[in-house]
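Enquirer: Next comes the structure file data29.tsv, holding TSV, C-alpha atoms.
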```tsv
chain	number	residue	atom	x	y	z
A	10	GLU	CA	14.84	18.56	16.58
A	11	TRP	CA	17.70	17.59	14.25
A	12	ASP	CA	15.18	17.09	11.43
A	13	ARG	CA	14.01	20.66	11.88
A	14	ILE	CA	17.56	22.02	12.01
A	15	ILE	CA	18.45	20.42	8.67
A	16	GLY	CA	15.07	21.38	7.23
A	17	ARG	CA	13.60	17.91	6.76
A	18	ASN	CA	10.00	18.37	5.69
A	19	TYR	CA	7.24	15.99	6.79
A	20	SER	CA	4.29	17.94	5.41
A	21	ALA	CA	1.76	16.16	3.20
A	22	VAL	CA	1.95	16.38	-0.60
A	23	SER	CA	-1.02	16.17	-3.00
A	24	TRP	CA	-1.64	13.15	-5.24
A	25	ARG	CA	-1.99	15.64	-8.12
A	26	GLN	CA	1.80	15.77	-8.47
A	27	TYR	CA	1.81	12.09	-9.47
A	28	PHE	CA	-1.53	11.12	-11.06
A	29	ASP	CA	-3.55	12.76	-13.86
A	30	GLN	CA	-6.91	12.34	-12.13
A	31	SER	CA	-8.81	10.91	-9.21
A	32	GLU	CA	-12.32	9.47	-9.60
A	33	ASP	CA	-14.97	7.78	-7.50
A	34	ILE	CA	-16.22	4.77	-9.47
A	35	PRO	CA	-19.73	3.44	-8.65
A	36	VAL	CA	-20.17	-0.33	-8.86
A	37	GLY	CA	-23.38	-2.33	-8.61
A	38	PRO	CA	-27.09	-1.41	-8.75
A	39	SER	CA	-27.94	2.15	-7.70
A	40	GLU	CA	-29.74	1.24	-4.47
A	41	THR	CA	-26.81	-0.86	-3.16
A	42	ARG	CA	-23.98	0.94	-4.86
A	43	ASP	CA	-20.35	0.68	-3.70
A	44	VAL	CA	-18.02	3.53	-4.63
A	45	PHE	CA	-14.31	2.87	-5.24
A	46	ARG	CA	-11.68	5.62	-5.29
A	47	VAL	CA	-9.24	5.29	-8.17
A	48	TYR	CA	-6.27	7.30	-9.40
A	49	ARG	CA	-5.41	7.25	-13.08
A	50	ASN	CA	-2.49	8.18	-15.27
A	51	GLY	CA	-1.71	7.94	-18.99
A	52	THR	CA	-3.90	7.37	-22.05
A	53	ASP	CA	-1.97	4.84	-24.19
A	54	GLY	CA	-0.35	1.44	-23.89
A	55	PRO	CA	-1.09	-1.45	-21.54
A	56	LEU	CA	-3.09	-0.91	-18.36
A	57	LEU	CA	-1.18	-1.42	-15.11
A	58	VAL	CA	-3.72	-2.22	-12.38
A	59	LEU	CA	-1.96	-1.41	-9.10
A	60	LEU	CA	-3.18	-3.11	-5.90
A	61	HIS	CA	-1.84	-1.89	-2.53
A	62	GLY	CA	-1.02	-3.83	0.63
A	63	GLY	CA	-3.12	-4.18	3.78
A	64	GLY	CA	-3.62	-0.89	5.60
A	65	HIS	CA	-2.17	1.14	2.72
A	66	SER	CA	-4.02	2.87	-0.14
A	67	ALA	CA	-3.66	3.57	-3.85
A	68	LEU	CA	-1.49	6.55	-2.91
A	69	SER	CA	1.31	4.14	-2.03
A	70	TRP	CA	1.85	3.89	-5.81
A	71	ALA	CA	2.16	7.66	-6.39
A	72	VAL	CA	5.94	8.06	-6.68
A	73	PHE	CA	6.23	4.75	-8.54
A	74	THR	CA	3.61	5.96	-11.08
A	75	THR	CA	5.78	8.96	-11.99
A	76	ALA	CA	8.81	6.67	-12.25
A	77	ILE	CA	7.14	4.10	-14.55
A	78	ALA	CA	5.52	6.80	-16.72
A	79	SER	CA	8.96	8.29	-17.41
A	80	ARG	CA	10.16	4.90	-18.71
A	81	VAL	CA	7.15	3.23	-20.35
A	82	THR	CA	4.11	4.34	-22.37
A	83	CYS	CA	1.35	2.88	-20.24
A	84	ARG	CA	-1.88	3.57	-18.40
A	85	VAL	CA	-2.10	3.31	-14.62
A	86	LEU	CA	-5.20	2.50	-12.57
A	87	ALA	CA	-4.47	2.48	-8.82
A	88	MET	CA	-7.50	1.71	-6.66
A	89	ASP	CA	-8.31	1.89	-2.95
A	90	LEU	CA	-9.40	-1.64	-2.07
A	91	ARG	CA	-12.54	-2.09	0.05
A	92	GLY	CA	-12.16	-0.98	3.65
A	93	HIS	CA	-9.14	1.12	2.64
A	94	GLY	CA	-8.42	4.72	1.67
A	95	SER	CA	-11.39	6.71	0.36
A	96	THR	CA	-13.39	3.75	-0.99
A	97	GLN	CA	-16.91	3.53	0.50
A	98	VAL	CA	-18.64	0.13	0.43
A	99	ARG	CA	-21.53	-1.36	2.40
A	100	GLN	CA	-19.54	-4.35	3.63
A	101	SER	CA	-16.18	-2.76	4.31
A	102	ASP	CA	-15.18	-5.57	6.66
A	103	ASP	CA	-15.49	-8.30	3.97
A	104	LEU	CA	-11.83	-8.56	3.01
A	105	SER	CA	-12.00	-12.07	1.53
A	106	THR	CA	-9.89	-12.76	-1.55
A	107	GLN	CA	-13.02	-13.68	-3.55
A	108	THR	CA	-14.78	-10.38	-2.77
A	109	MET	CA	-11.70	-8.21	-3.34
A	110	SER	CA	-10.81	-10.01	-6.59
A	111	ARG	CA	-14.37	-9.36	-7.85
A	112	ASP	CA	-13.99	-5.71	-6.83
A	113	VAL	CA	-10.87	-5.37	-8.99
A	114	ALA	CA	-12.64	-6.85	-12.02
A	115	ASN	CA	-15.75	-4.71	-11.46
A	116	VAL	CA	-13.76	-1.47	-11.14
A	117	VAL	CA	-11.69	-2.19	-14.28
A	118	ARG	CA	-14.88	-2.94	-16.26
A	119	ALA	CA	-16.57	0.21	-14.91
A	120	CYS	CA	-13.58	2.26	-16.10
A	121	TYR	CA	-12.80	0.55	-19.42
A	122	GLY	CA	-15.90	-1.41	-20.46
A	123	GLU	CA	-16.08	-5.09	-21.37
A	124	ALA	CA	-12.95	-4.97	-23.56
A	125	PRO	CA	-10.26	-3.20	-21.52
A	126	PRO	CA	-6.70	-2.74	-22.86
A	127	PRO	CA	-4.11	-5.47	-22.20
A	128	ILE	CA	-3.80	-5.62	-18.40
A	129	VAL	CA	-0.76	-6.21	-16.21
A	130	LEU	CA	-1.84	-6.88	-12.62
A	131	VAL	CA	0.66	-5.48	-10.12
A	132	GLY	CA	0.17	-6.11	-6.40
A	133	HIS	CA	2.10	-5.53	-3.19
A	134	SER	CA	1.69	-7.81	-0.15
A	135	MET	CA	-2.07	-8.33	0.40
A	136	GLY	CA	-2.60	-6.66	-3.01
A	137	GLY	CA	-0.16	-9.17	-4.52
A	138	ALA	CA	-2.30	-12.01	-3.18
A	139	ILE	CA	-5.42	-10.35	-4.65
A	140	ALA	CA	-3.58	-9.95	-7.99
A	141	VAL	CA	-2.73	-13.68	-7.99
A	142	HIS	CA	-6.33	-14.66	-7.19
A	143	THR	CA	-7.70	-12.26	-9.83
A	144	ALA	CA	-5.34	-13.67	-12.47
A	145	SER	CA	-5.85	-17.34	-11.58
A	146	SER	CA	-9.65	-16.92	-11.57
A	147	MET	CA	-9.39	-15.29	-15.03
A	148	LEU	CA	-11.74	-12.51	-13.92
A	149	LEU	CA	-10.14	-10.11	-16.41
A	150	PRO	CA	-9.70	-11.93	-19.76
A	151	THR	CA	-7.37	-9.28	-21.21
A	152	THR	CA	-4.77	-9.87	-18.47
A	153	VAL	CA	-1.37	-10.48	-20.11
A	154	GLY	CA	1.06	-10.26	-17.16
A	155	LEU	CA	1.31	-10.63	-13.37
A	156	VAL	CA	3.71	-8.80	-11.06
A	157	VAL	CA	3.87	-9.60	-7.35
A	158	ILE	CA	5.88	-7.48	-4.89
A	159	ASP	CA	7.24	-8.93	-1.65
A	160	VAL	CA	4.64	-11.55	-0.91
A	161	VAL	CA	5.54	-15.22	-0.70
A	162	GLU	CA	3.29	-17.82	0.88
A	163	GLY	CA	5.89	-19.37	3.19
A	164	SER	CA	7.21	-16.16	4.75
A	165	ALA	CA	3.76	-14.52	4.77
A	166	MET	CA	2.24	-17.42	6.71
A	167	GLU	CA	5.12	-17.25	9.22
A	168	MET	CA	4.70	-13.48	9.55
A	169	LEU	CA	1.01	-13.80	10.43
A	170	HIS	CA	1.95	-15.12	13.88
A	171	SER	CA	3.59	-11.82	14.78
A	172	MET	CA	1.14	-9.59	12.90
A	173	GLN	CA	-1.06	-8.73	15.91
A	174	ASN	CA	2.02	-7.75	17.94
A	175	PHE	CA	3.22	-5.55	15.08
A	176	LEU	CA	-0.18	-3.83	14.90
A	177	LYS	CA	-0.30	-3.35	18.69
A	178	GLY	CA	3.18	-1.81	18.57
A	179	ARG	CA	2.08	1.03	16.29
A	180	PRO	CA	0.81	4.35	17.67
A	181	ARG	CA	-2.97	4.42	18.04
A	182	SER	CA	-3.17	8.03	16.90
A	183	PHE	CA	-1.23	11.11	15.81
A	184	GLU	CA	-1.69	14.78	16.56
A	185	SER	CA	-1.15	15.79	12.92
A	186	ILE	CA	-0.57	14.36	9.45
A	187	ALA	CA	3.04	15.56	9.67
A	188	HIS	CA	3.53	13.50	12.86
A	189	ALA	CA	2.15	10.42	11.09
A	190	ILE	CA	4.49	10.95	8.12
A	191	GLU	CA	7.46	11.48	10.45
A	192	TRP	CA	6.61	8.30	12.37
A	193	SER	CA	6.28	6.25	9.17
A	194	VAL	CA	9.74	7.32	7.99
A	195	LYS	CA	11.53	7.01	11.35
A	196	SER	CA	9.95	3.67	12.20
A	197	GLY	CA	11.00	2.30	8.80
A	198	GLN	CA	7.44	1.55	7.64
A	199	ILE	CA	8.13	3.74	4.59
A	200	ARG	CA	11.81	4.52	4.15
A	201	ASN	CA	11.36	7.04	1.34
A	202	ARG	CA	10.26	10.40	2.70
A	203	GLU	CA	8.86	11.60	-0.64
A	204	SER	CA	6.58	8.58	-0.84
A	205	ALA	CA	5.56	8.84	2.82
A	206	ARG	CA	4.51	12.49	2.29
A	207	VAL	CA	1.98	11.54	-0.39
A	208	SER	CA	0.92	8.05	0.72
A	209	MET	CA	0.53	8.30	4.50
A	210	VAL	CA	-2.58	10.48	4.01
A	211	GLY	CA	-4.33	7.37	2.64
A	212	GLN	CA	-3.59	5.38	5.80
A	213	ILE	CA	-5.00	7.74	8.42
A	214	LYS	CA	-8.24	9.63	8.99
A	215	ARG	CA	-9.26	12.60	11.06
A	216	HIS	CA	-11.65	12.11	14.00
A	217	VAL	CA	-14.72	14.17	13.23
A	218	GLU	CA	-17.74	12.18	14.23
A	219	VAL	CA	-18.23	11.86	17.98
A	220	GLU	CA	-15.60	14.21	19.33
A	221	ASP	CA	-16.68	17.19	17.27
A	222	VAL	CA	-20.29	16.79	18.33
A	223	VAL	CA	-19.92	15.82	21.99
A	224	GLU	CA	-16.78	17.53	23.20
A	225	SER	CA	-16.15	21.20	23.53
A	226	PRO	CA	-13.09	22.63	21.75
A	227	GLU	CA	-11.28	22.91	25.10
A	228	GLN	CA	-11.66	19.18	25.72
A	229	ALA	CA	-10.69	18.01	22.25
A	230	VAL	CA	-7.01	18.89	22.56
A	231	PRO	CA	-4.91	17.33	19.82
A	232	VAL	CA	-2.11	15.29	21.37
A	233	SER	CA	0.48	12.90	20.01
A	234	ASP	CA	0.72	9.20	20.62
A	235	VAL	CA	4.07	7.68	21.37
A	236	VAL	CA	6.28	5.07	19.76
A	237	VAL	CA	9.52	3.91	21.30
A	238	GLU	CA	11.88	2.03	18.99
A	239	GLY	CA	15.06	0.87	20.68
A	240	ASN	CA	16.31	3.95	22.49
A	241	GLU	CA	14.72	6.37	20.06
A	242	GLU	CA	11.50	8.16	20.86
A	243	ILE	CA	9.48	8.88	17.75
A	244	CYS	CA	6.82	11.60	17.63
A	245	VAL	CA	7.14	12.19	21.35
A	246	ASP	CA	5.93	15.49	22.70
A	247	PRO	CA	8.46	16.42	25.44
A	248	SER	CA	5.65	17.29	27.85
A	249	TYR	CA	4.72	13.61	28.01
A	250	VAL	CA	8.17	12.31	28.93
A	251	SER	CA	9.26	12.50	32.55
A	252	ASP	CA	12.75	11.60	33.72
A	253	LYS	CA	12.85	8.91	36.39
A	254	PRO	CA	15.46	9.05	39.16
A	255	ASP	CA	17.65	6.43	37.43
A	256	GLY	CA	18.02	8.71	34.42
A	257	THR	CA	15.76	6.75	32.05
A	258	SER	CA	12.69	8.29	30.49
A	259	GLU	CA	9.21	7.21	31.37
A	260	VAL	CA	6.72	7.63	28.56
A	261	SER	CA	3.15	8.27	29.60
A	262	ILE	CA	0.52	7.96	26.91
A	263	PRO	CA	-1.82	10.93	27.26
A	264	GLU	CA	-5.56	11.16	26.95
A	265	PRO	CA	-7.55	12.16	24.99
A	266	GLU	CA	-6.52	10.43	21.78
A	267	GLY	CA	-4.79	12.24	18.93
A	268	VAL	CA	-6.82	13.72	16.12
A	269	TYR	CA	-5.71	11.23	13.44
A	270	SER	CA	-6.02	7.46	13.64
A	271	TRP	CA	-5.70	4.51	11.24
A	272	ARG	CA	-8.39	4.32	8.55
A	273	ILE	CA	-8.69	0.56	8.91
A	274	ASP	CA	-8.30	-1.62	11.98
A	275	LEU	CA	-6.35	-4.47	10.39
A	276	SER	CA	-6.45	-6.54	13.57
A	277	LYS	CA	-10.18	-7.07	12.95
A	278	ALA	CA	-9.39	-8.60	9.54
A	279	GLU	CA	-7.46	-11.49	11.14
A	280	LYS	CA	-9.97	-14.11	9.97
A	281	TYR	CA	-9.07	-13.25	6.35
A	282	TRP	CA	-5.26	-13.23	6.69
A	283	ASP	CA	-4.87	-16.95	6.17
A	284	GLY	CA	-7.07	-16.86	3.05
A	285	TRP	CA	-4.99	-14.09	1.48
A	286	PHE	CA	-1.77	-16.07	1.48
A	287	ARG	CA	-2.43	-19.81	1.82
A	288	GLY	CA	-1.82	-21.57	-1.49
A	289	ILE	CA	-0.73	-18.47	-3.42
A	290	SER	CA	2.72	-19.84	-4.36
A	291	ASN	CA	1.14	-22.65	-6.38
A	292	LEU	CA	-1.61	-20.35	-7.69
A	293	PHE	CA	1.11	-17.94	-8.84
A	294	LEU	CA	3.10	-20.75	-10.51
A	295	GLY	CA	-0.10	-22.07	-12.12
A	296	CYS	CA	-0.99	-18.76	-13.79
A	297	ASN	CA	-0.24	-19.26	-17.48
A	298	LEU	CA	1.07	-15.71	-17.91
A	299	PRO	CA	4.47	-14.03	-17.94
A	300	LYS	CA	5.23	-13.39	-14.27
A	301	LEU	CA	7.61	-11.20	-12.28
A	302	LEU	CA	8.32	-11.55	-8.56
A	303	LEU	CA	10.07	-8.63	-6.83
A	304	LEU	CA	11.41	-9.23	-3.33
A	305	ALA	CA	13.00	-7.11	-0.60
A	306	GLY	CA	15.27	-10.04	0.33
A	307	VAL	CA	16.12	-13.49	-1.04
A	308	ASP	CA	15.26	-15.00	2.36
A	309	ARG	CA	11.60	-14.51	1.46
A	310	LEU	CA	11.52	-17.44	-1.01
A	311	ASP	CA	9.65	-20.60	-0.03
A	312	ARG	CA	10.25	-24.11	-1.37
A	313	ASP	CA	7.65	-24.08	-4.16
A	314	LEU	CA	8.85	-20.77	-5.54
A	315	THR	CA	12.52	-21.76	-5.25
A	316	ILE	CA	11.82	-24.82	-7.40
A	317	GLY	CA	9.70	-22.74	-9.83
A	318	GLN	CA	12.47	-20.15	-10.07
A	319	MET	CA	15.05	-22.87	-10.87
A	320	GLN	CA	12.71	-24.18	-13.57
A	321	GLY	CA	12.47	-20.71	-15.11
A	322	LYS	CA	8.71	-20.38	-14.55
A	323	PHE	CA	8.92	-16.68	-13.69
A	324	MET	CA	11.31	-13.74	-13.59
A	325	MET	CA	12.57	-12.70	-10.18
A	326	GLN	CA	14.53	-9.80	-8.84
A	327	VAL	CA	15.71	-8.97	-5.31
A	328	LEU	CA	15.79	-5.25	-4.62
A	329	PRO	CA	17.70	-4.45	-1.44
A	330	PRO	CA	18.11	-2.19	0.39
A	331	SER	CA	14.42	-1.72	1.06
A	332	GLY	CA	11.78	-2.61	3.61
A	333	HIS	CA	8.55	-4.47	2.92
A	334	ALA	CA	7.08	-1.49	0.99
A	335	VAL	CA	9.57	-2.05	-1.85
A	336	HIS	CA	7.71	0.10	-4.42
A	337	GLU	CA	7.65	3.03	-1.97
A	338	ASP	CA	11.21	2.65	-0.65
A	339	THR	CA	12.89	2.17	-4.06
A	340	PRO	CA	10.33	3.28	-6.70
A	341	ASP	CA	12.98	3.81	-9.41
A	342	LYS	CA	14.38	0.28	-9.03
A	343	VAL	CA	10.88	-1.23	-9.12
A	344	ALA	CA	10.07	0.88	-12.21
A	345	ASP	CA	13.30	-0.31	-13.90
A	346	ALA	CA	12.44	-3.94	-13.16
A	347	LEU	CA	8.85	-3.59	-14.36
A	348	ALA	CA	9.91	-1.66	-17.48
A	349	SER	CA	12.36	-4.39	-18.51
A	350	PHE	CA	9.65	-7.03	-17.89
A	351	LEU	CA	7.20	-5.09	-20.10
A	352	PHE	CA	9.80	-4.57	-22.85
A	353	ARG	CA	10.97	-8.20	-22.76
A	354	HIS	CA	7.45	-9.48	-23.38
A	355	LYS	CA	6.69	-6.67	-25.87
A	356	PHE	CA	3.76	-5.48	-23.74
A	357	ALA	CA	4.82	-1.83	-23.97
A	358	GLU	CA	7.12	0.65	-25.66
A	359	ALA	CA	9.52	3.10	-24.09
A	360	SER	CA	7.95	6.45	-23.26
A	361	ARG	CA	8.62	9.24	-25.75
A	362	GLY	CA	11.26	10.95	-23.62
A	363	GLN	CA	13.18	7.68	-23.29
A	364	ARG	CA	12.99	7.01	-27.03
A	365	THR	CA	14.44	10.37	-27.99
A	366	ARG	CA	17.27	9.88	-25.50
```
Let me see whether you can do it: turn the structure in this file into structure tokens.
Expert:
Amino acid sequence: EWDRIIGRNYSAVSWRQYFDQSEDIPVGPSETRDVFRVYRNGTDGPLLVLLHGGGHSALSWAVFTTAIASRVTCRVLAMDLRGHGSTQVRQSDDLSTQTMSRDVANVVRACYGEAPPPIVLVGHSMGGAIAVHTASSMLLPTTVGLVVIDVVEGSAMEMLHSMQNFLKGRPRSFESIAHAIEWSVKSGQIRNRESARVSMVGQIKRHVEVEDVVESPEQAVPVSDVVVEGNEEICVDPSYVSDKPDGTSEVSIPEPEGVYSWRIDLSKAEKYWDGWFRGISNLFLGCNLPKLLLLAGVDRLDRDLTIGQMQGKFMMQVLPPSGHAVHEDTPDKVADALASFLFRHKFAEASRGQRTR
């Protein structure tokens, strides 16, 4: 209620405010074609290939894209990885690093031909692991730089043990996009409301298939799911909370399900989790490219990377205060860090507005 009193807006915002264009890129022979959704920005300078984390989509880079474009003359290609966002592939459940790395190379070639511009691979979380694998396999020969955001082998492998519990703790569904955006901000999944308003759309989908055909409109009532964090109820419709005699609230999860649910069931990808992260610290250190590691907290570093950092093998920056989605929570700080990395290695020039200032 307080959010409504102070006019806090959780409505969705179009990608068009942040990217120049959206395209569906076909890959492979026509009879078995996969189609990848990409968002593009800019026409000059190096190509930043942006790879999102598990469960997210290319839209998680929207606010960051505006921020980096105001600092650096560059091109941006943000893609929905297989199984995510609006990408449609035949084997959407094959989330192996080898398959997803090949996807990245195929999409870049489909967009830019066999001789793409100088490429800087930028990945967050799962996308960071895919960026490392793509770079170390030399799938894109024009790659000049590698940027990894908040993914370190040691802490990622530890986190996998609690991943299923984290996924189970999320709402199964939402009654509206606005409810999903509100949940993402209040739960801390995305701490920046502007980013949540454009990116959350890529994480959820509307139920249309079975319900719309089988159920009558009276039966298919949109209802909200419930999340309880500490003592705070998030996205709770008051009609589903009953006060018990001892004064506490009892939350009953209603049926039928809400009208929006997650686009990808990450719990089913568990067999690939280990492959995303195991060995990536040494793969990262072994990439013979200028490298930048951006972290939400210094506690994320594992032993191999700590030694590599002391030996000056890569640039590193810690960007608190932010959650795991660093590029969404603090897009300006991430853009500053990436801009200085690009300038330091002479990969890019300042954008025109910056130069005149």
Enquirer: So which one's closest to Ser193 of chain A, A:Leu302, A:Ala334, A:Leu60, A:Leu149? Using all atoms listed in the file, please.
Expert: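 Among the listed residues, the smallest separation from Ser193 of chain A belongs to A:Ala334.
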Enquirer: Distance atom CA of Asp103 of chain A-atom CA of Arg287 of chain A, one decimal place?
Expert: 17.5 Å
Enquirer: Determine the nearest neighbour of Ala87 of chain A from the options A:Val307, A:Val47, A:Val343, A:Ala357, counting only C-alpha atoms.
Expert: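 Nearest to Ala87 of chain A: A:Val47.
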Enquirer: What is the distance between atom CA of Glu40 of chain A and atom CA of Lys280 of chain A, in Å to one decimal?
Expert: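 Interatomic distance, atom CA of Glu40 of chain A to atom CA of Lys280 of chain A: 28.9 Å.
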Enquirer: Neighbouring residues of segment 272-275 of chain A were defined as those with any atom within 6 Å, considering only C-alpha atoms; residues of the same chain fewer than 4 positions away were excluded. Please report them as JSON, numbers by chain.
Expert: {"A": [212, 213, 214]}
Enquirer: Determine, counting only C-alpha atoms, which protein, DNA and RNA residues have an atom within 8 Å of an atom of Ala346 of chain A; residues of the same chain fewer than 4 positions away are not included. Present the result as a VMD selection string.
Expert: chain A and resid 326 342 350
Enquirer: For a test of reading the model, state the distance in Å between atom CA of Trp192 of chain A and atom CA of Ser134 of chain A, rounded to one decimal.
Expert: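 So the two atoms, atom CA of Trp192 of chain A and atom CA of Ser134 of chain A, lie 21.0 Å apart.
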Enquirer: Taking all atoms listed in the file into account, which of A:Pro329, A:Gly64, A:Pro180, A:Gly306 comes nearest Gly211 of chain A?
Expert: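 Of all the options, A:Gly64 lies closest to Gly211 of chain A.
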Enquirer: Any idea what's packed within 7 Å of Val160 of chain A, counting all atoms listed in the file, ignoring anything in its chain fewer than 3 positions away? Could you give it as a list in words?
Expert: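 That gives His133, Ser134, Gly137, Val157 and Ala165 of chain A.
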Enquirer: Write out as a list in words which residues come within 12 Å of Gln318 of chain A when counting only C-alpha atoms, dropping same-chain ones fewer than 6 positions away.
Expert: Ser290, Phe293, Leu294, Lys300, Leu301, Leu302, Val307, Leu310, Asp311, Arg312, Met324, Met325 and Gln326 of chain A
Enquirer: Can you tell me which residues surround Tyr121 of chain A at a distance of at most 12 Å, considering all atoms listed in the file, apart from same-chain residues fewer than 5 positions away, and format the answer as a list in words?
Expert: Ile34, Arg49, Thr52, Leu56, Val58, Arg84, Leu86, Ala114, Asn115, Val116, Pro126, Pro127, Ile128, Leu149 and Thr151 of chain A
Enquirer: Using only C-alpha atoms for the distances, tell me which of A:Ile190, A:Leu68, A:Leu59, A:Arg99 is nearest to Arg42 of chain A.
Expert: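 Ranking A:Ile190, A:Leu68, A:Leu59, A:Arg99 by distance to Arg42 of chain A, first place goes to A:Arg99.
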Enquirer: With all atoms listed in the file as the atoms that count, which of A:Ser276, A:Ile199, A:Asp33, A:Met135 lies nearest to Gly178 of chain A?
Expert: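 Nearest candidate to Gly178 of chain A out of A:Ser276, A:Ile199, A:Asp33, A:Met135: A:Ser276.
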Enquirer: Looking at all atoms listed in the file, which of A:Tyr19, A:Phe352, A:Phe183, A:Tyr48 is the one that sits closest to Trp271 of chain A?
Expert: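 For Trp271 of chain A, the nearest of the given residues is A:Phe183.
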Enquirer: Take segment 345-356 of chain A, bring it up to N, CA, C and O atoms, and give me the output as a PDB file, in the frame of the given file.
Expert:
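So selection_38.pdb came out as:
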```pdb
ATOM      1  N   ASP A 345      12.330   0.289 -12.962  1.00  0.00           N
ATOM      2  CA  ASP A 345      13.300  -0.310 -13.900  1.00  0.00           C
ATOM      3  C   ASP A 345      12.980  -1.782 -14.139  1.00  0.00           C
ATOM      4  O   ASP A 345      12.983  -2.258 -15.274  1.00  0.00           O
ATOM      5  N   ALA A 346      12.716  -2.506 -13.039  1.00  0.00           N
ATOM      6  CA  ALA A 346      12.440  -3.940 -13.160  1.00  0.00           C
ATOM      7  C   ALA A 346      11.155  -4.196 -13.940  1.00  0.00           C
ATOM      8  O   ALA A 346      11.098  -5.078 -14.806  1.00  0.00           O
ATOM      9  N   LEU A 347      10.130  -3.411 -13.663  1.00  0.00           N
ATOM     10  CA  LEU A 347       8.850  -3.590 -14.360  1.00  0.00           C
ATOM     11  C   LEU A 347       8.973  -3.183 -15.822  1.00  0.00           C
ATOM     12  O   LEU A 347       8.419  -3.857 -16.708  1.00  0.00           O
ATOM     13  N   ALA A 348       9.720  -2.105 -16.086  1.00  0.00           N
ATOM     14  CA  ALA A 348       9.910  -1.660 -17.480  1.00  0.00           C
ATOM     15  C   ALA A 348      10.605  -2.755 -18.292  1.00  0.00           C
ATOM     16  O   ALA A 348      10.171  -3.076 -19.408  1.00  0.00           O
ATOM     17  N   SER A 349      11.658  -3.362 -17.738  1.00  0.00           N
ATOM     18  CA  SER A 349      12.360  -4.390 -18.510  1.00  0.00           C
ATOM     19  C   SER A 349      11.481  -5.624 -18.718  1.00  0.00           C
ATOM     20  O   SER A 349      11.539  -6.268 -19.770  1.00  0.00           O
ATOM     21  N   PHE A 350      10.620  -5.939 -17.741  1.00  0.00           N
ATOM     22  CA  PHE A 350       9.650  -7.030 -17.890  1.00  0.00           C
ATOM     23  C   PHE A 350       8.671  -6.724 -19.026  1.00  0.00           C
ATOM     24  O   PHE A 350       8.395  -7.571 -19.883  1.00  0.00           O
ATOM     25  N   LEU A 351       8.159  -5.488 -19.057  1.00  0.00           N
ATOM     26  CA  LEU A 351       7.200  -5.090 -20.100  1.00  0.00           C
ATOM     27  C   LEU A 351       7.851  -5.083 -21.479  1.00  0.00           C
ATOM     28  O   LEU A 351       7.246  -5.509 -22.475  1.00  0.00           O
ATOM     29  N   PHE A 352       9.100  -4.609 -21.553  1.00  0.00           N
ATOM     30  CA  PHE A 352       9.800  -4.570 -22.850  1.00  0.00           C
ATOM     31  C   PHE A 352      10.120  -5.995 -23.317  1.00  0.00           C
ATOM     32  O   PHE A 352       9.960  -6.326 -24.498  1.00  0.00           O
ATOM     33  N   ARG A 353      10.574  -6.836 -22.400  1.00  0.00           N
ATOM     34  CA  ARG A 353      10.970  -8.200 -22.760  1.00  0.00           C
ATOM     35  C   ARG A 353       9.821  -8.977 -23.385  1.00  0.00           C
ATOM     36  O   ARG A 353      10.004  -9.741 -24.334  1.00  0.00           O
ATOM     37  N   HIS A 354       8.613  -8.754 -22.850  1.00  0.00           N
ATOM     38  CA  HIS A 354       7.450  -9.480 -23.380  1.00  0.00           C
ATOM     39  C   HIS A 354       6.682  -8.667 -24.422  1.00  0.00           C
ATOM     40  O   HIS A 354       5.575  -9.052 -24.820  1.00  0.00           O
ATOM     41  N   LYS A 355       7.277  -7.533 -24.833  1.00  0.00           N
ATOM     42  CA  LYS A 355       6.690  -6.670 -25.870  1.00  0.00           C
ATOM     43  C   LYS A 355       5.273  -6.201 -25.506  1.00  0.00           C
ATOM     44  O   LYS A 355       4.400  -6.066 -26.363  1.00  0.00           O
ATOM     45  N   PHE A 356       5.047  -5.999 -24.201  1.00  0.00           N
ATOM     46  CA  PHE A 356       3.760  -5.480 -23.740  1.00  0.00           C
ATOM     47  C   PHE A 356       3.678  -3.963 -23.923  1.00  0.00           C
ATOM     48  O   PHE A 356       2.587  -3.403 -23.991  1.00  0.00           O
TER      49      PHE A 356
END
```
